[in-house]
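Quick notes on the structure that follows.
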Amino acid sequence: MDLEPNNVPPLELAAVTGFNGQVRFGMRLHPDREHIIYPLGCTIVLRRIKDDLKNFLHGHTGEVSCVSMSKSGTYIASGEINSQGFEAEILVWDYAARSIYTRFQIHEGKVEALAFSPTDKYLVSLGGQDDGRILLWSIKSKQAICSAPALPLSLCHRLTVKFSNTNDNMFVSAGRATLQIWELDEANKIRPSDCQLRKLKRTVKCIEFSADDEFIFCGTTSGDILKIQTKTRYLSNYGPVKTKHSLGANVLKVTCTGELVVGSGFGNLTLCSASNFKAIKHIQLSNGVTSIALKDDGLHFFVGTDASQIYCINYETFSAELISTSHHGPVKDLSIAFGSSMLFVTGSEEDIRVWHIDKPKELLRIPEPCMMCNAVHLMVDGHSIVSGWSDGKIRVFTPQSGRLLLIIHNAHRNGVTAMKGSRDCQKIVSGGQEGQVCVWELLKHGHKRLAFLTEHKSAVTCVQIKSDDKECVTASTDGTCIIWDIVKFVRIQKIIAKNTLFRTVCYHPEEHQVVTSGTDKKIIYWDVHDATPIRELQGVQTSAINCMFITHDGRHIVTGGDDKIVRVWDYMEGTVTHVGVAHGGSITSIKVCCNNSTLISSSADGAVMRWKFPHPVLD
C-alpha cells in the first residue's frame, strides 16, 4: 500500500496556533501593511492584522529555516531543513495567488538565509553549515545564474546575507570571521571583496543597509554594531563601547528617520543613533528578540521573540503590547472536552493552556515554571484538568480560573509519563518513567492511592480507560500492552509484540478490540479477550507512530508520528483516506472532537493545528 502524501487527498488546515520564533528574521510585514508573514513548522502563515484571519502556504516537506520577502511584496521566499546528505528546497511564492511560483533545489541539508534584490530581479541564497555555498537565482528565468563556494569551516562560517537597497548587483554576506561585499559583473559572475575591520574580530549575526546604501550596519554576537562604509569597505565606526547589547545584537533595522532599532538576545529592544549608537529609547521584553518588522508610518512596529511571542511596539512611547503568544517548547499532550467541540487543553514546557476551538484563542494559561507537562486530561464533567509532570507530581486545576485543586506528591519517582481520568471522574490511572501504573481515587478533600502495579519494565507511554471504568489498558516501551482490572487491580491480558516499543494504544468504541502502534511503524488490531492479533497494517514507511485516535463512531483511525504527517485511516478497509502535511516537528498528540468536525494535532515544535475532519458522523 502506497502511503506517500501526494497519492491521497490532503486534509484542509483550518487554523494554526504557533509561531516559530527560533527562525531568525522569520517574521515579516508585507508592504500592504495588513499582513504579518511568519513560519510555523513546514508552513508559511499569512496573518491579517486587523481580524487575525490566516492563510497558509503549503509546499515544504521539511521545517522552514528562513523567510524573505521582496521589496514590492510580490514574492515570498522560504528555505527549509532537510536530513544531512539530502538537498533542501527553496520555494518562491506568488503572494497574490497564494501559490508556488518556482522551486530551487541545490543546497545540502539546510538553507541558512535568503534575500531578494531591490527590484525583485534576483534572489540570493546561503547554504547551511554542511553546504556553505552562495547561489544567485534569476526570478524571471527561474534558473541559477552563478555561485560561490563555501569557506573553510575551520576559519570562518557564513550566517546571513543581505541585498543592497538600491543596487540589484550588490549584496553582503557575513558570519564568523567573514564580512564580504559581493558584486555581479557583466559576465554574470559574483566577486567578493573583504571589509576591513582593523583589528576587530567579530561574528556578525545581522546586516542592514542605510537607506541610500552609503553605510552597512552589522550586529554582532559581542553586542556591538559595526558601521562599514560601502564604497571603501572600511570600518567607519562601531559601538556602543561600554553598554553593549546583552547576549548579542540579534536583529537590526534602520527606521525611516535613520535611527537603528536593535533587538538583543537578552530581550532588550533599543532605539539608538546611527552615528554614535547612543541609546534614545529602550524597553525590556521577556525573551530574546529574533525578528523586527517595521511599518513605514512611523507609528508602531512588530517584534518576534525566541519564545514565540509577537509584540506590537508603539514607536513614540516605546511601549509593548503582547498581541500573540504560543507554546515555544514541545506540546506533549492535548485533550478535547468530552461531549463538546468548544474547548481543548494542551500541556507543554512550563505551562498548560486552555483554548477555544473555533478561534483558536487562548482562554487560560496555567504556568508551572521549570517543569514539563507530559500528560493532560480534561475530565468528562468539565470541572477539572488533571495533569502529569516531569517532577513526578500530578496536579489538578480548574479549567475556568486555573486554580490548583489538588496536588499528588511523588506520584511517580522519575516523572509522570501518561495519565487518564475515569468517566465517573472519581479515578485517575497514571503511568511513570520506570513502568509503574498507579490507580488513584479522588476524594472531596484529597486523594487515595488504590493500587501500585509494577509489571511494566520501562516507561508507560499511554493509558486508556474502558467506558465502564472497570478496566484500562497501558502501553509501554518494554514492548508490552497490559489490560488491567482496576476494580480488583489485577492483570487481565498481556499483549506482547516483538521488535517494537509501544507508543500508543486505543480502545475501539465497541471495546472488543484495542489498536496499538509504535516504533515498528505498524498498526495492529488485537482481541481484548485473548490478546491475539486480528489484523496488521503497515502504518508508515520510515518512522515511528507516536499517537493515535479512533473516532467516536469507530469508523476511522487518525495517526501521527516522527514523519510529521497526519494520516486518516478507514478502520475497516485499512487504507489511508487523507493526509495532512504542515507540522515541522514530530507529532506528539492527536484528537478528534465528538461530532467529527475537527481534528487537532500537536507537535514537538510547539505547533497546535486544527484540521477540518473529512468524514462527518453518519446519521
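Following the order of the C-alpha cells, first chain is A, next is B, and so on, with residues numbered from 1 inside each chain and ligands from 1 in the order they appear.
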Contacts of Arg33 (chain A) at 9 Å or less, counting only C-alpha atoms, minus same-chain residues fewer than 4 places along, as a ChimeraX atom specification?
/A:29,49,295-296
Store the residues picked out above, limited to N, CA, C and O atoms, as a PDB file, in the first residue's frame.
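Contents of selection14.pdb, as written:
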```pdb
ATOM      1  N   LEU A  29       6.640  41.902   7.722  1.00  0.00           N
ATOM      2  CA  LEU A  29       5.433  42.678   7.498  1.00  0.00           C
ATOM      3  C   LEU A  29       5.320  42.948   6.000  1.00  0.00           C
ATOM      4  O   LEU A  29       6.237  43.497   5.381  1.00  0.00           O
ATOM      5  N   ILE A  49      -3.714  41.417  10.121  1.00  0.00           N
ATOM      6  CA  ILE A  49      -3.546  42.044  11.422  1.00  0.00           C
ATOM      7  C   ILE A  49      -4.876  42.442  12.043  1.00  0.00           C
ATOM      8  O   ILE A  49      -5.120  42.216  13.230  1.00  0.00           O
ATOM      9  N   LYS A 295       6.946  49.282  10.265  1.00  0.00           N
ATOM     10  CA  LYS A 295       5.933  49.878   9.400  1.00  0.00           C
ATOM     11  C   LYS A 295       6.420  51.252   8.973  1.00  0.00           C
ATOM     12  O   LYS A 295       7.044  51.978   9.760  1.00  0.00           O
ATOM     13  N   ASP A 296       6.118  51.619   7.739  1.00  0.00           N
ATOM     14  CA  ASP A 296       6.634  52.894   7.241  1.00  0.00           C
ATOM     15  C   ASP A 296       5.834  54.101   7.705  1.00  0.00           C
ATOM     16  O   ASP A 296       6.158  55.232   7.367  1.00  0.00           O
TER      17      ASP A 296
END
```
I'd like the contact shell of region 257-269 of chain A - 8 Å cut-off, only C-alpha atoms, skipping same-chain residues fewer than 2 positions apart - returned as a ChimeraX atom specification.
/A:210-211,223,245-255,271-274,282-292,305
Considering only C-alpha atoms, can you say which of A:Val558, A:Ile565, A:Ser125, A:Cys206 comes closest to Thr542 (chain A)?
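Smallest separation from Thr542 (chain A) among the options: A:Ile565.
Between CA of Ser83 (chain A) and CA of Ser141 (chain A) lies a distance of 28.5 Å.
Residues in contact with region 602-609 of chain A at up to 8 Å, not including ones fewer than 3 positions away on its chain and judged by only C-alpha atoms, are Leu13, Ala14, Ala15, Val16, Thr17, Gly18, Phe19, Asn20, Leu40, Gly41, Ser326, His327, His328, Gly329, Pro330, Val331, Lys332, Asp333, Leu334, Ser348, Lys564, His583, Gly584, Gly585, Ser586, Ile587, Thr588, Ser589 and Ile590 of chain A.
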Backbone-only DSSP, strand (DSSP E or B) members of region 306-358 of chain A, as number ranges by chain
A: 309-314, 320-325, 331-336, 343-356
Contacts between region 102-108 of chain A and region 5-84 of chain A, please, where a residue of region 5-84 of chain A counts if it comes within 10 Å (with only C-alpha atoms); show its shortest atom pair and distance in Å to one decimal, rows by chain and ascending number, as JSON lines.
```
{"residue": "A:Gly59", "atom": "CA", "partner": "A:Arg103", "partner_atom": "CA", "distance": 9.7}
{"residue": "A:Ala77", "atom": "CA", "partner": "A:Arg103", "partner_atom": "CA", "distance": 9.5}
{"residue": "A:Ser78", "atom": "CA", "partner": "A:Arg103", "partner_atom": "CA", "distance": 9.9}
{"residue": "A:Gly79", "atom": "CA", "partner": "A:Phe104", "partner_atom": "CA", "distance": 9.3}
{"residue": "A:Glu80", "atom": "CA", "partner": "A:His107", "partner_atom": "CA", "distance": 9.8}
{"residue": "A:Ile81", "atom": "CA", "partner": "A:Glu108", "partner_atom": "CA", "distance": 9.0}
{"residue": "A:Asn82", "atom": "CA", "partner": "A:Glu108", "partner_atom": "CA", "distance": 7.8}
{"residue": "A:Ser83", "atom": "CA", "partner": "A:Glu108", "partner_atom": "CA", "distance": 8.5}
{"residue": "A:Gln84", "atom": "CA", "partner": "A:Glu108", "partner_atom": "CA", "distance": 7.1}
```
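Of the residues under consideration (A:Asn595, A:Ser476, A:Thr220, A:Ser193), A:Thr220 shows the shortest atom-to-atom contact distance to Gly175 (chain A) when counting only C-alpha atoms.
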Distance CA of Thr61 (chain A)-CA of Glu89 (chain A), one decimal place?
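Interatomic distance here is 8.7 Å.
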Contacts of Val505 (chain A) at 10 Å or less, counting only C-alpha atoms, minus same-chain residues fewer than 5 places along, as an MDAnalysis selection string?
chainID A and resid 461:464 473:476 481 514:518 523:525 546:550
Contact residues around Asp468 (chain A) with only C-alpha atoms at 9 Å, ignoring same-chain residues under 4 positions, as an mmCIF file with N, CA and C atoms, in the first residue's frame:
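Resulting contents of out_30.cif:
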```cif
data_model
loop_
_atom_site.group_PDB
_atom_site.id
_atom_site.type_symbol
_atom_site.label_atom_id
_atom_site.label_comp_id
_atom_site.auth_asym_id
_atom_site.auth_seq_id
_atom_site.Cartn_x
_atom_site.Cartn_y
_atom_site.Cartn_z
ATOM 1 N N SER A 422 -11.144 8.727 34.756
ATOM 2 C CA SER A 422 -12.281 7.839 34.518
ATOM 3 C C SER A 422 -13.519 8.639 34.110
ATOM 4 N N ARG A 423 -14.507 7.922 33.548
ATOM 5 C CA ARG A 423 -15.744 8.574 33.118
ATOM 6 C C ARG A 423 -16.536 9.136 34.303
ATOM 7 N N ASP A 424 -16.480 8.441 35.445
ATOM 8 C CA ASP A 424 -17.220 8.938 36.611
ATOM 9 C C ASP A 424 -16.470 10.028 37.365
#
```
Please, what distance in Å, to one decimal, runs between CA of His35 (chain A) and CA of Glu362 (chain A)?
20.8 Å
May I ask which of the residues A:Leu126, A:Met371, A:Cys256, A:Ile76 is the closest one to Phe301 (chain A), counting only C-alpha atoms?
A:Cys256
9 Å contact set for region 426-431 of chain A, only C-alpha atoms, chain neighbours under 4 positions out, as a PyMOL selection string
chain A and resi 386+388+394+411-412+415-422+435-443+459-465+469+472+474+486
For the residues selected in the previous step, produce a file with C-alpha atoms as an mmCIF file, in the first residue's frame.
```
data_model
loop_
_atom_site.group_PDB
_atom_site.id
_atom_site.type_symbol
_atom_site.label_atom_id
_atom_site.label_comp_id
_atom_site.auth_asym_id
_atom_site.auth_seq_id
_atom_site.Cartn_x
_atom_site.Cartn_y
_atom_site.Cartn_z
ATOM 1 C CA VAL A 386 -5.642 16.565 35.585
ATOM 2 C CA GLY A 388 1.180 14.748 34.944
ATOM 3 C CA ILE A 394 0.030 15.022 39.472
ATOM 4 C CA ALA A 411 3.135 10.030 42.224
ATOM 5 C CA HIS A 412 5.986 8.642 40.109
ATOM 6 C CA GLY A 415 8.174 11.734 36.244
ATOM 7 C CA VAL A 416 4.598 11.079 35.175
ATOM 8 C CA THR A 417 4.580 9.990 31.529
ATOM 9 C CA ALA A 418 0.915 9.096 30.840
ATOM 10 C CA MET A 419 -2.433 9.575 32.516
ATOM 11 C CA LYS A 420 -6.195 9.340 32.045
ATOM 12 C CA GLY A 421 -9.270 10.128 34.138
ATOM 13 C CA SER A 422 -12.281 7.839 34.518
ATOM 14 C CA GLY A 435 6.993 1.471 34.336
ATOM 15 C CA GLN A 436 4.746 1.700 37.392
ATOM 16 C CA VAL A 437 0.996 2.092 36.940
ATOM 17 C CA CYS A 438 -0.944 3.737 39.770
ATOM 18 C CA VAL A 439 -4.691 3.977 40.340
ATOM 19 C CA TRP A 440 -5.820 6.987 42.367
ATOM 20 C CA GLU A 441 -9.158 7.803 43.941
ATOM 21 C CA LEU A 442 -10.130 11.460 44.003
ATOM 22 C CA LEU A 443 -11.759 12.403 47.289
ATOM 23 C CA ALA A 459 8.241 3.893 30.670
ATOM 24 C CA VAL A 460 4.457 3.838 30.305
ATOM 25 C CA THR A 461 3.626 5.783 27.140
ATOM 26 C CA CYS A 462 -0.172 5.643 27.004
ATOM 27 C CA VAL A 463 -3.171 4.945 29.263
ATOM 28 C CA GLN A 464 -6.769 4.339 28.135
ATOM 29 C CA ILE A 465 -9.753 3.552 30.375
ATOM 30 C CA ASP A 469 -14.378 2.400 34.391
ATOM 31 C CA CYS A 472 -7.831 0.016 31.478
ATOM 32 C CA THR A 474 -1.479 0.649 29.298
ATOM 33 C CA ILE A 486 -8.961 -1.568 38.007
#
```
